[in-house]
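*Asks:* Here it is, the structure in full.
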Amino acid sequence: MKNLIDLKSVFKHYYMGDAVVKAVDGIDISIKEGEFIAIMGPSGSGKSTAMNLVGSLDLATKGAIYLNGENIEQMEESELAQLRGQKIGFIFQQFNLIPNLTAKENIMLPMLFQSVPLEEREERAEELLKLVELGDRMDHYPNQLSGGQQQRVAIARSLANDPDIILADEPTGNLDTKTGDLVMGFLEKFHKEGKTIIMVTHDPDLAQQYASTIYWLKDGKIEKVTRGKAKNNGKTTKKRGK
Amino acid sequence: MISDYFILAFRNLRKRGLRSWLTLLGIFIGVAAVVSLISLGNGLQMAVNSQFGVSSTEIISVQAGGLNSYGPPGSAVAKKLTVQDVDAINKLSTVERAVRRNIPSGKLEFNNRVIFGFAMSVPYKEDRRFVYEEIDINPLRGRLLTDSDDSNVVLGYNFYADKAGLGKSVDLGDKVIVNDKSFKVVGITEKKGSFIFDNIVHMNENPLKELTGFGDDVDIIAVKVKSKDLMDRAKQDIEDLLRERRNVKKGEEDFEVSTPEAALETVNSILNGVKAFVALIALISVFVGAIGIINTMTTSVLERRKEIGIMKAIGAKNSDIFLQFLIEAGLSGLIGGLAGALFGTLIGIIGTLAINNFIGSSISVNIDLILILFTLVGSFAIGAIAGIIPAMRAAKQNPVEALRG
């Protein structure tokens, strides 16, 4: 299987006056198509920065990041945006829905940036909302939805342009266990359907349970790489137990 | 696709607080000023015209002296025009008809009170019709004078409506004493909104000549030109003729030949001054409004950093964000402009009604849809221009930093 994402000795340093914050300090990560990767680490370990780099939200200070064999460091801003829109779906800890838009409109938004015709956008958004079991909440605004419902809308949004990769930053961090399970269930399902999932978490159980490969970060460096219970391209056998 | 950005922008604007809307006051006032002025333009012009007695556009009036004397035209001038001048003008090839007009002063008694004012001579036969047409007057009650009305008068609107200082309103059938001779009132004219016309006594030429003794003197000559195209030539002919008859050189005329255009020009120059002033106010308001939009949009960009970050994460290009904020700024300008245009039109309607009520005219409101469209496009453009810098700031946000909020 070919590598979908390659980080080759990537550094991300922030300069604050004379001090240098080495958020990411020379990491190598290779992600194959269909993998479920977890990036683990305590807060301040650089895992969010690593995810931003993988998600092409940020550019590295040094090193190269390849997505589908293309070096994203050499791309224009508009190309990067297009790449994000088409290839990557983001799920955030804070849900990050646009408050002025309904659930359906939030899901339609990524498709707007890819110039998908209105009818198609509406159809797809409705389909995705039904998929996350929110078919009856289409015209609700985020503040009319519970945290779990908002996260499901965010999941539906991440699938809007049918991306290859789903990047989830602490997707259950703001949810109770039961809702968290539901959300993880969806990620697991998408993984089985062939999506590559990259999840950032500080919860070792969660990583162990759902991921196939776990990168342990500490102080901006990869401390170790371990295997999780999931198999590549989704043959997980066990649900998250309680 | 662009329509989607409008919908998005509209959604965002709906959620805005009062603070944001207040900054649109500048654009609102600017547009309201322009639209109300234009809507009122016709009304204002008519109102001013009626005060100057300008009505028909095909009549040249000739008077001794100038427009600068007190009282009705030609009433305080040393060297009067005469009937012979009228006859001579009548013979000009460009002239269809020239009619003498006299507006002498006199006293009027009614209800045991005496007032002093002006009377207007009305000529006979065809000339009568011409004069009535020229001054564009109609009866409110009763009728206008005819050739057989030498012992009757028609009075201006104020004698009936405002008592004109007589302590009692004069009506049809009443007797009034003009310069010690009794006349029966057979008509009251419609309101003209002009102090002169609404307070004047209409009397046939012969009795008025007897009573006031103006003889062959003429206050004003009303000249109808054969065709509208001949206006300038006729004016020239009359001036040449009168210079010769009165023995004055060019540039030293002791008479004035004025075309309606000239009178309108005077009126228009006054109106233009008013317009320039309003335009200046509008310009300042719009400028202040634009600054307001820059201010609100800048705040909005700061407040919505996280939203910008989210949009970038889900695939928005810098240009998408720029467009979104630009359209939002433009739309807010447009909303200010729309409210201003509606308010301005309302002022135009109310103002015109007030003018109609005041001068008794029936002017219709001048709602210029092209102008309104133009001001709306303009308000959008001003909003959008004001939004350029904030929109650029929004577009340039680093997605990671923006996502942190």
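Labels used: A, B, ... for chains in the order of the structure tokens, numbers from 1 for residues in each chain, and numbers from 1 for ligands as shown.
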For chain B, work out the contacting residues on chain A at 7 Å, counting only C-alpha atoms, and write them as a PyMOL selection string.

*Replies:* chain A and resi 57-58+78+81-82+84-85+89-90+96+98+100+110+113+115

*Asks:* Show which residues sit within 6 Å of A:Val10, as a ChimeraX atom specification. Count only C-alpha atoms, and ignore same-chain residues fewer than 5 positions away.

*Replies:* /A:26-27,62-63

*Asks:* Which residue gives the smallest distance to B:Glu253 among B:Ala64, B:Leu108, B:Leu144, B:Ile177, with only C-alpha atoms counted?

*Replies:*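 Nearest to B:Glu253: B:Ala64.
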
*Asks:* To one decimal place in Å, what is the distance between atom CA of B:Thr352 and atom CA of B:Lys191?

*Replies:* 16.1 Å

*Asks:* Which residues in chain A does DSSP call strand (DSSP E)? List them as a VMD selection string.

*Replies:* chain A and resid 3 to 16 19 to 32 36 to 40 62 to 67 70 to 71 88 to 91 165 to 169 196 to 201 213 to 218 221 to 227

*Asks:* Provide the atom CA of A:Ser30 to atom CA of A:Asn161 distance in Å, to one decimal place.

*Replies:* 23.7 Å

*Asks:* Could you pull out the alpha helix (DSSP H) residues of stretch 40-212 of chain A, going by DSSP on the backbone, and write them as JSON, numbers by chain?

*Replies:* {"A": [47, 48, 49, 50, 51, 52, 53, 54, 77, 78, 79, 80, 81, 82, 83, 84, 85, 86, 87, 103, 104, 105, 106, 107, 108, 109, 110, 111, 112, 118, 119, 120, 121, 122, 123, 124, 125, 126, 127, 128, 129, 130, 131, 147, 148, 149, 150, 151, 152, 153, 154, 155, 156, 157, 158, 177, 178, 179, 180, 181, 182, 183, 184, 185, 186, 187, 188, 189, 190, 191, 192, 204, 205, 206, 207, 208, 209, 210]}

*Asks:* Find the distance between atom CA of A:Tyr66 and atom CA of A:Phe186 and write it in Å to one decimal.

*Replies:*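 Here the two named atoms are 27.2 Å from each other.
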
*Asks:* Can you tell me, as a PyMOL selection string, what residues are no more than 10 Å from B:Ser182 when counting only C-alpha atoms, ignoring any on the same chain fewer than 6 positions away?

*Replies:* chain B and resi 108-110+151-153+175-176

*Asks:* May I have the selected residues written with C-alpha atoms, as a short mmCIF file (atom, residue, chain, number, x, y, z; two decimals), in the first residue's frame?

*Replies:*
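Okay, selection-v6.cif is ready:
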```cif
data_model
loop_
_atom_site.label_atom_id
_atom_site.label_comp_id
_atom_site.auth_asym_id
_atom_site.auth_seq_id
_atom_site.Cartn_x
_atom_site.Cartn_y
_atom_site.Cartn_z
CA LEU B 108 -60.89 98.41 -1.34
CA GLU B 109 -63.70 98.71 1.20
CA PHE B 110 -65.77 95.89 2.60
CA SER B 151 -69.41 96.39 -12.96
CA ASN B 152 -68.20 93.11 -11.49
CA VAL B 153 -64.90 91.87 -10.03
CA LYS B 175 -70.42 94.10 -2.91
CA VAL B 176 -66.96 95.57 -2.55
#
```

*Asks:* Considering only C-alpha atoms, state which residue in the set B:Val178, B:Val131, B:Leu22, B:Ile89 is at the smallest distance from B:Pro207.

*Replies:*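 Checking each of B:Val178, B:Val131, B:Leu22, B:Ile89 against B:Pro207, counting only C-alpha atoms, the winner is B:Val178.
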
*Asks:* So that I can check the surroundings of stretch 40-50 of chain A, please list as a ChimeraX atom specification every protein, DNA and RNA residue that reaches within 7 Å of it, counting only C-alpha atoms and ignoring chain neighbours fewer than 5 positions away.

*Replies:* /A:23-24,200-202,214-220
